[in-house]
file run-v4.tsv (TSV, C-alpha atoms and all ligand atoms)
chain	number	residue	atom	x	y	z
J	1	MET	CA	0.00	0.00	0.00
J	2	SER	CA	1.55	3.32	-1.03
J	3	LEU	CA	-0.24	5.51	1.53
J	4	VAL	CA	0.42	4.80	5.18
J	5	LEU	CA	-1.11	6.88	7.97
J	6	HIS	CA	0.78	6.61	11.23
J	7	GLY	CA	-1.69	7.17	14.01
J	8	HIS	CA	-4.11	5.82	16.58
J	9	PRO	CA	-7.87	5.32	16.17
J	10	LEU	CA	-8.53	7.41	19.31
J	11	SER	CA	-6.47	10.43	18.30
J	12	SER	CA	-8.50	13.51	17.46
J	13	TYR	CA	-6.01	14.81	14.90
J	14	CYS	CA	-5.95	11.36	13.30
J	15	HIS	CA	-9.75	11.60	13.04
J	16	LYS	CA	-9.27	14.79	11.08
J	17	ALA	CA	-6.98	13.05	8.56
J	18	LEU	CA	-9.07	9.86	8.53
J	19	THR	CA	-12.23	11.85	7.76
J	20	ALA	CA	-10.46	13.32	4.73
J	21	LEU	CA	-9.15	9.92	3.63
J	22	TYR	CA	-12.68	8.49	3.80
J	23	GLU	CA	-14.17	11.53	2.03
J	24	LEU	CA	-11.67	11.03	-0.80
J	25	ASP	CA	-12.09	7.26	-0.82
J	26	ALA	CA	-8.30	7.05	-0.73
J	27	PRO	CA	-6.74	3.60	-0.32
J	28	PHE	CA	-4.40	3.60	2.68
J	29	GLU	CA	-3.10	1.51	5.52
J	30	LEU	CA	-3.24	2.62	9.16
J	31	ALA	CA	0.09	2.01	10.89
J	32	PHE	CA	-1.25	1.59	14.42
J	33	LEU	CA	0.88	3.74	16.69
J	34	ASN	CA	1.26	2.89	20.35
J	35	LEU	CA	3.39	5.66	21.85
J	36	GLY	CA	3.47	3.67	25.10
J	37	ASP	CA	5.71	1.12	23.37
J	38	ALA	CA	9.35	2.33	23.52
J	39	GLN	CA	10.35	0.78	20.19
J	40	ALA	CA	7.31	2.12	18.32
J	41	ARG	CA	7.85	5.51	19.93
J	42	ASP	CA	11.52	5.67	18.84
J	43	ALA	CA	10.62	4.66	15.29
J	44	PHE	CA	7.90	7.31	15.14
J	45	TYR	CA	10.17	10.03	16.56
J	46	ALA	CA	12.75	9.11	13.90
J	47	LEU	CA	10.05	9.85	11.31
J	48	TRP	CA	8.88	13.10	12.95
J	49	PRO	CA	10.90	14.24	15.99
J	50	VAL	CA	8.01	16.41	17.22
J	51	GLY	CA	6.25	13.13	17.96
J	52	LYS	CA	2.72	14.25	17.07
J	53	MET	CA	0.38	12.07	15.05
J	54	PRO	CA	-0.81	11.76	12.35
J	55	VAL	CA	2.04	11.43	9.90
J	56	LEU	CA	1.34	10.36	6.33
J	57	GLU	CA	3.84	8.47	4.21
J	58	ASP	CA	3.37	8.18	0.49
J	59	LYS	CA	5.93	5.47	-0.13
J	60	ALA	CA	5.63	5.50	-3.93
J	61	ALA	CA	6.28	9.25	-4.05
J	62	GLY	CA	8.91	9.24	-1.28
J	63	VAL	CA	6.87	11.81	0.68
J	64	THR	CA	6.53	12.01	4.47
J	65	LEU	CA	4.12	14.62	5.83
J	66	PRO	CA	3.12	15.60	9.37
J	67	GLU	CA	0.30	18.04	10.32
J	68	ALA	CA	-3.27	17.03	9.58
J	69	SER	CA	-4.05	20.11	7.47
J	70	ILE	CA	-0.97	19.62	5.29
J	71	ILE	CA	-1.83	15.93	4.93
J	72	ILE	CA	-5.32	16.90	3.77
J	73	GLU	CA	-3.96	19.47	1.29
J	74	TYR	CA	-1.71	16.74	-0.15
J	75	LEU	CA	-4.46	14.12	-0.32
J	76	ASN	CA	-6.96	16.53	-1.81
J	77	ASP	CA	-4.53	17.35	-4.63
J	78	ARG	CA	-3.55	13.76	-5.18
J	79	PHE	CA	-7.13	12.47	-5.36
J	80	GLY	CA	-8.66	15.51	-7.07
J	81	GLY	CA	-11.01	16.16	-4.16
J	82	SER	CA	-13.09	19.18	-3.24
J	83	LEU	CA	-12.10	19.46	0.43
J	84	ILE	CA	-10.29	22.65	-0.56
J	85	PRO	CA	-12.16	24.52	-3.28
J	86	LYS	CA	-10.41	25.62	-6.45
J	87	ASP	CA	-11.87	29.13	-6.09
J	88	LYS	CA	-9.26	31.19	-4.23
J	89	ASP	CA	-11.67	33.14	-2.02
J	90	LYS	CA	-13.55	30.00	-1.03
J	91	ALA	CA	-10.25	28.20	-0.36
J	92	LEU	CA	-9.18	31.08	1.90
J	93	GLU	CA	-12.39	30.74	3.92
J	94	VAL	CA	-11.83	26.96	4.25
J	95	ARG	CA	-8.27	27.52	5.47
J	96	LEU	CA	-9.39	30.24	7.88
J	97	GLN	CA	-12.06	27.99	9.39
J	98	ASP	CA	-9.59	25.09	9.52
J	99	ARG	CA	-7.15	27.27	11.50
J	100	PHE	CA	-10.01	28.44	13.73
J	101	PHE	CA	-11.02	24.92	14.72
J	102	ASP	CA	-7.42	23.79	15.27
J	103	LEU	CA	-6.25	26.82	17.24
J	104	HIS	CA	-9.38	27.97	19.04
J	105	VAL	CA	-11.19	24.70	19.73
J	106	HIS	CA	-8.89	21.71	19.30
J	107	GLN	CA	-5.92	23.20	21.13
J	108	HIS	CA	-8.01	24.20	24.17
J	109	MET	CA	-9.81	20.84	24.16
J	110	GLN	CA	-6.46	19.01	24.34
J	111	VAL	CA	-5.52	20.81	27.58
J	112	PHE	CA	-7.99	18.71	29.60
J	113	ALA	CA	-6.49	15.31	28.76
J	114	ALA	CA	-2.91	16.64	28.80
J	115	VAL	CA	-3.30	17.92	32.37
J	116	LEU	CA	-4.92	14.68	33.53
J	117	LEU	CA	-1.95	12.74	32.15
J	118	ARG	CA	0.56	14.73	34.22
J	119	PRO	CA	2.23	13.17	37.27
J	120	PRO	CA	0.28	13.48	40.53
J	121	GLY	CA	0.53	16.94	42.06
J	122	GLN	CA	1.40	18.57	38.71
J	123	GLY	CA	-2.14	19.66	37.82
J	124	ASP	CA	-2.97	23.04	36.33
J	125	PRO	CA	-6.40	24.28	37.48
J	126	TYR	CA	-5.67	27.77	36.12
J	127	GLY	CA	-4.75	26.40	32.68
J	128	VAL	CA	-7.84	24.17	32.62
J	129	ALA	CA	-10.17	27.03	33.62
J	130	GLU	CA	-8.57	29.25	30.99
J	131	ALA	CA	-9.04	26.56	28.30
J	132	ALA	CA	-12.71	26.17	29.33
J	133	ALA	CA	-13.28	29.94	29.10
J	134	LYS	CA	-11.66	30.06	25.66
J	135	LEU	CA	-13.85	27.18	24.49
J	136	GLU	CA	-16.95	29.13	25.59
J	137	VAL	CA	-15.83	32.07	23.42
J	138	ALA	CA	-15.24	29.77	20.43
J	139	TYR	CA	-18.63	28.06	21.00
J	140	ASP	CA	-20.41	31.43	20.86
J	141	MET	CA	-18.64	32.33	17.63
J	142	ILE	CA	-19.47	28.97	16.01
J	143	ASP	CA	-23.09	29.10	17.16
J	144	ARG	CA	-23.48	32.52	15.51
J	145	ARG	CA	-21.65	31.47	12.36
J	146	MET	CA	-23.57	28.23	11.89
J	147	ALA	CA	-26.95	30.04	11.96
J	148	ASP	CA	-26.90	30.42	8.18
J	149	ARG	CA	-24.64	27.68	6.88
J	150	GLU	CA	-24.65	23.93	6.72
J	151	TRP	CA	-20.90	23.36	6.87
J	152	ALA	CA	-18.05	25.31	8.44
J	153	ALA	CA	-17.10	27.21	5.29
J	154	GLY	CA	-20.50	27.34	3.57
J	155	ASP	CA	-22.59	24.87	1.60
J	156	ALA	CA	-19.92	22.28	0.84
J	157	PHE	CA	-18.23	19.86	3.25
J	158	SER	CA	-14.52	20.81	3.37
J	159	MET	CA	-11.22	20.46	5.21
J	160	ALA	CA	-12.66	22.85	7.81
J	161	ASP	CA	-15.32	20.27	8.69
J	162	CYS	CA	-12.66	17.56	8.96
J	163	ALA	CA	-11.02	19.87	11.54
J	164	ALA	CA	-14.26	20.76	13.30
J	165	ALA	CA	-15.63	17.25	13.82
J	166	PRO	CA	-13.07	15.75	16.25
J	167	ALA	CA	-12.37	19.10	17.91
J	168	LEU	CA	-16.05	19.66	18.72
J	169	PHE	CA	-16.78	16.02	19.56
J	170	TYR	CA	-14.10	15.84	22.24
J	171	ALA	CA	-14.58	19.46	23.39
J	172	GLU	CA	-18.27	18.84	24.07
J	173	GLY	CA	-17.21	16.02	26.42
J	174	ARG	CA	-15.19	18.53	28.48
J	175	VAL	CA	-17.27	21.71	28.28
J	176	PRO	CA	-20.92	21.08	27.31
J	177	PHE	CA	-22.38	23.25	24.54
J	178	GLY	CA	-25.25	24.58	26.69
J	179	GLN	CA	-27.98	26.56	24.92
J	180	ARG	CA	-26.33	26.90	21.54
J	181	PRO	CA	-28.73	25.29	19.05
J	182	ASN	CA	-26.71	25.95	15.89
J	183	LEU	CA	-23.56	24.48	17.39
J	184	ILE	CA	-25.47	21.45	18.68
J	185	ALA	CA	-27.07	20.88	15.26
J	186	TYR	CA	-23.72	21.28	13.50
J	187	LEU	CA	-22.06	18.58	15.62
J	188	GLN	CA	-25.04	16.31	14.90
J	189	ARG	CA	-24.54	16.87	11.17
J	190	LEU	CA	-20.84	16.10	11.51
J	191	LYS	CA	-21.57	12.89	13.42
J	192	GLY	CA	-23.99	11.88	10.66
J	193	ARG	CA	-21.43	12.42	7.90
J	194	PRO	CA	-20.36	8.89	6.85
J	195	SER	CA	-16.63	9.73	6.73
J	196	TYR	CA	-16.50	11.05	10.29
J	197	ALA	CA	-19.02	8.49	11.55
J	198	ARG	CA	-16.62	5.79	10.34
J	199	ALA	CA	-13.63	7.35	12.16
J	200	LEU	CA	-15.73	7.60	15.33
J	201	LYS	CA	-16.92	3.99	15.03
J	202	GLU	CA	-13.32	2.82	14.74
J	203	ALA	CA	-12.46	4.78	17.90
J	204	GLU	CA	-15.24	3.19	19.97
J	205	PRO	CA	-13.21	0.22	21.27
J	206	TYR	CA	-10.65	2.68	22.69
J	207	PHE	CA	-12.92	5.29	24.29
J	208	HIS	CA	-12.29	3.83	27.74
J	209	LEU	CA	-8.66	5.02	27.38
J	210	VAL	CA	-9.64	8.70	27.22
J	211	PRO	CA	-8.31	10.29	30.45
J	212	ARG	CA	-11.18	11.38	32.73
O	1	LIG	N1	-0.51	20.17	14.90
O	1	LIG	C1	-0.66	18.73	14.84
O	1	LIG	C2	-1.18	18.28	16.19
O	1	LIG	C3	-1.22	16.77	16.31
O	1	LIG	C4	-1.48	16.30	17.74
O	1	LIG	O1	-1.64	17.10	18.67
O	1	LIG	N2	-1.54	14.97	17.91
O	1	LIG	C5	-1.71	14.37	19.22
O	1	LIG	C6	-2.83	13.32	19.15
O	1	LIG	S1	-4.41	14.00	18.76
O	1	LIG	C7	-0.45	13.61	19.60
O	1	LIG	O2	0.25	13.10	18.75
O	1	LIG	N3	-0.19	13.49	20.90
O	1	LIG	C8	0.89	12.67	21.37
O	1	LIG	C9	1.83	13.40	22.25
O	1	LIG	O3	1.71	14.63	22.41
O	1	LIG	O4	2.72	12.72	22.80
O	1	LIG	C10	-1.60	18.37	13.69
O	1	LIG	O5	-2.37	19.23	13.25
O	1	LIG	O6	-1.55	17.24	13.16
call {"tool": "encode", "arguments": {"input": "run-v4.tsv", "output": "C-alpha cells", "more": "lines below"}}
Ligand SMILES: N[C@@H](CCC(=O)N[C@@H](CS)C(=O)NCC(=O)O)C(=O)O
result
Amino acid sequence: MSLVLHGHPLSSYCHKALTALYELDAPFELAFLNLGDAQARDAFYALWPVGKMPVLEDKAAGVTLPEASIIIEYLNDRFGGSLIPKDKDKALEVRLQDRFFDLHVHQHMQVFAAVLLRPPGQGDPYGVAEAAAKLEVAYDMIDRRMADREWAAGDAFSMADCAAAPALFYAEGRVPFGQRPNLIAYLQRLKGRPSYARALKEAEPYFHLVPR
C-alpha cells in the first residue's frame, strides 16, 4: 500500500486526517501507533521528531508529511477532491475555518487530557479554567456562524469540517455546549457524515482510554 497513515484510532487529529481519507475514498493503511511502546515511539520520533500524530507516508512518491491540514492538502490534490475549493476566495475561507477549529477549539480541548496525564501533584487548574473559558468564546462564535450555513465554510463539506468534527466532539465532552442550538445541530450533522461516523466507530473500542 503506497499511503500509510501513522496514528491511533482514538487520536482527534488522526480523526481529522481519517475523515479526509474516507471523504476522498483514498486507499491507505493505518500504521497503528502505540506511543506507550518504547520501540514504536523511537521509530515514530525518527520519522517526525516532534512526535505528534498523524504522519502520512506516500511510499511511492517518497513523501513524508506531518500536520493534519498539510496531509489533507496533499491528499486533496492527489485524489482531485473538493475538500479545498479551487476558487481562491472559497479556499481562503476553508483555510481560515480550519485554522479556527485547530487553534481555538482543538488546542483548548487538548488541555484537559494533557493535564490529567501529568504526574500526581502537577495539575494546572488555572490552565484548565482558561481553556474552558476560551472554548466558551469559540462556541459562541461557532453558534453565531452556523446560523446560516450547513458546513463550516459554507454549503460544501470541506477540510474545515474535517477539523471541526473531532475538535467539537471531544470538546463537548469537556465543556458542554449549553444553549447553543446551531452548534449542537452542527455537531449532529458532523456525526452523521459517513466519513467522520466511520472514524468515530473505529475509535469506539478505545474510548475507555480517554483520560477522565
Ligand atoms: N498540529 C498537529 C497536532 C497533532 C497532535 O496534537 N496529535 C496528538 C494526538 S491528537 C499527539 O500526537 N499526541 C501525542 C503526544 O503529544 O505525545 C496536527 O495538526 O496534526
call {"tool": "closest_residue", "arguments": {"input": "run-v4.tsv", "among": "J:Pro211, J:Pro125, J:Pro194, J:Pro166", "to": "ligand LIG 1 (chain O)", "atoms": "all atoms listed in the file"}}
result
J:Pro166
call {"tool": "axis_aligned_box", "arguments": {"input": "run-v4.tsv", "around": "ligand LIG 1 (chain O)", "padding_each_side": "4 Å", "output": "JSON"}}
result
{"center_x": -0.8, "center_y": 16.4, "center_z": 18.0, "size_x": 15.1, "size_y": 15.5, "size_z": 17.6}
call {"tool": "residues_around", "arguments": {"input": "run-v4.tsv", "residues": "J:Tyr139", "least_positions_apart": "2", "cutoff": "12 Å", "atoms": "only C-alpha atoms", "output": "ChimeraX atom specification"}}
result
/J:100-101,104-106,108-109,132-137,141-146,164,167-168,171-172,175-184,186-187
call {"tool": "residues_near_ligand", "arguments": {"input": "run-v4.tsv", "ligand": "ligand LIG 1 (chain O)", "cutoff": "8 Å", "atoms": "only C-alpha atoms and all ligand atoms", "output": "PyMOL selection string"}}
result
chain J and resi 7+10-14+35+51-55+66-69+102+107+110
call {"tool": "atom_distance", "arguments": {"input": "run-v4.tsv", "atom1": "atom CA of J:Ala152", "atom2": "atom CA of J:Arg99"}}
result
11.5 Å
call {"tool": "closest_residue", "arguments": {"input": "run-v4.tsv", "among": "J:Lys59, J:His6, J:Arg174, J:Lys16", "to": "J:Ala43", "atoms": "all atoms listed in the file"}}
result
J:His6
call {"tool": "atom_distance", "arguments": {"input": "run-v4.tsv", "atom1": "atom CA of J:Cys162", "atom2": "atom CA of J:Gln188"}}
result
13.8 Å
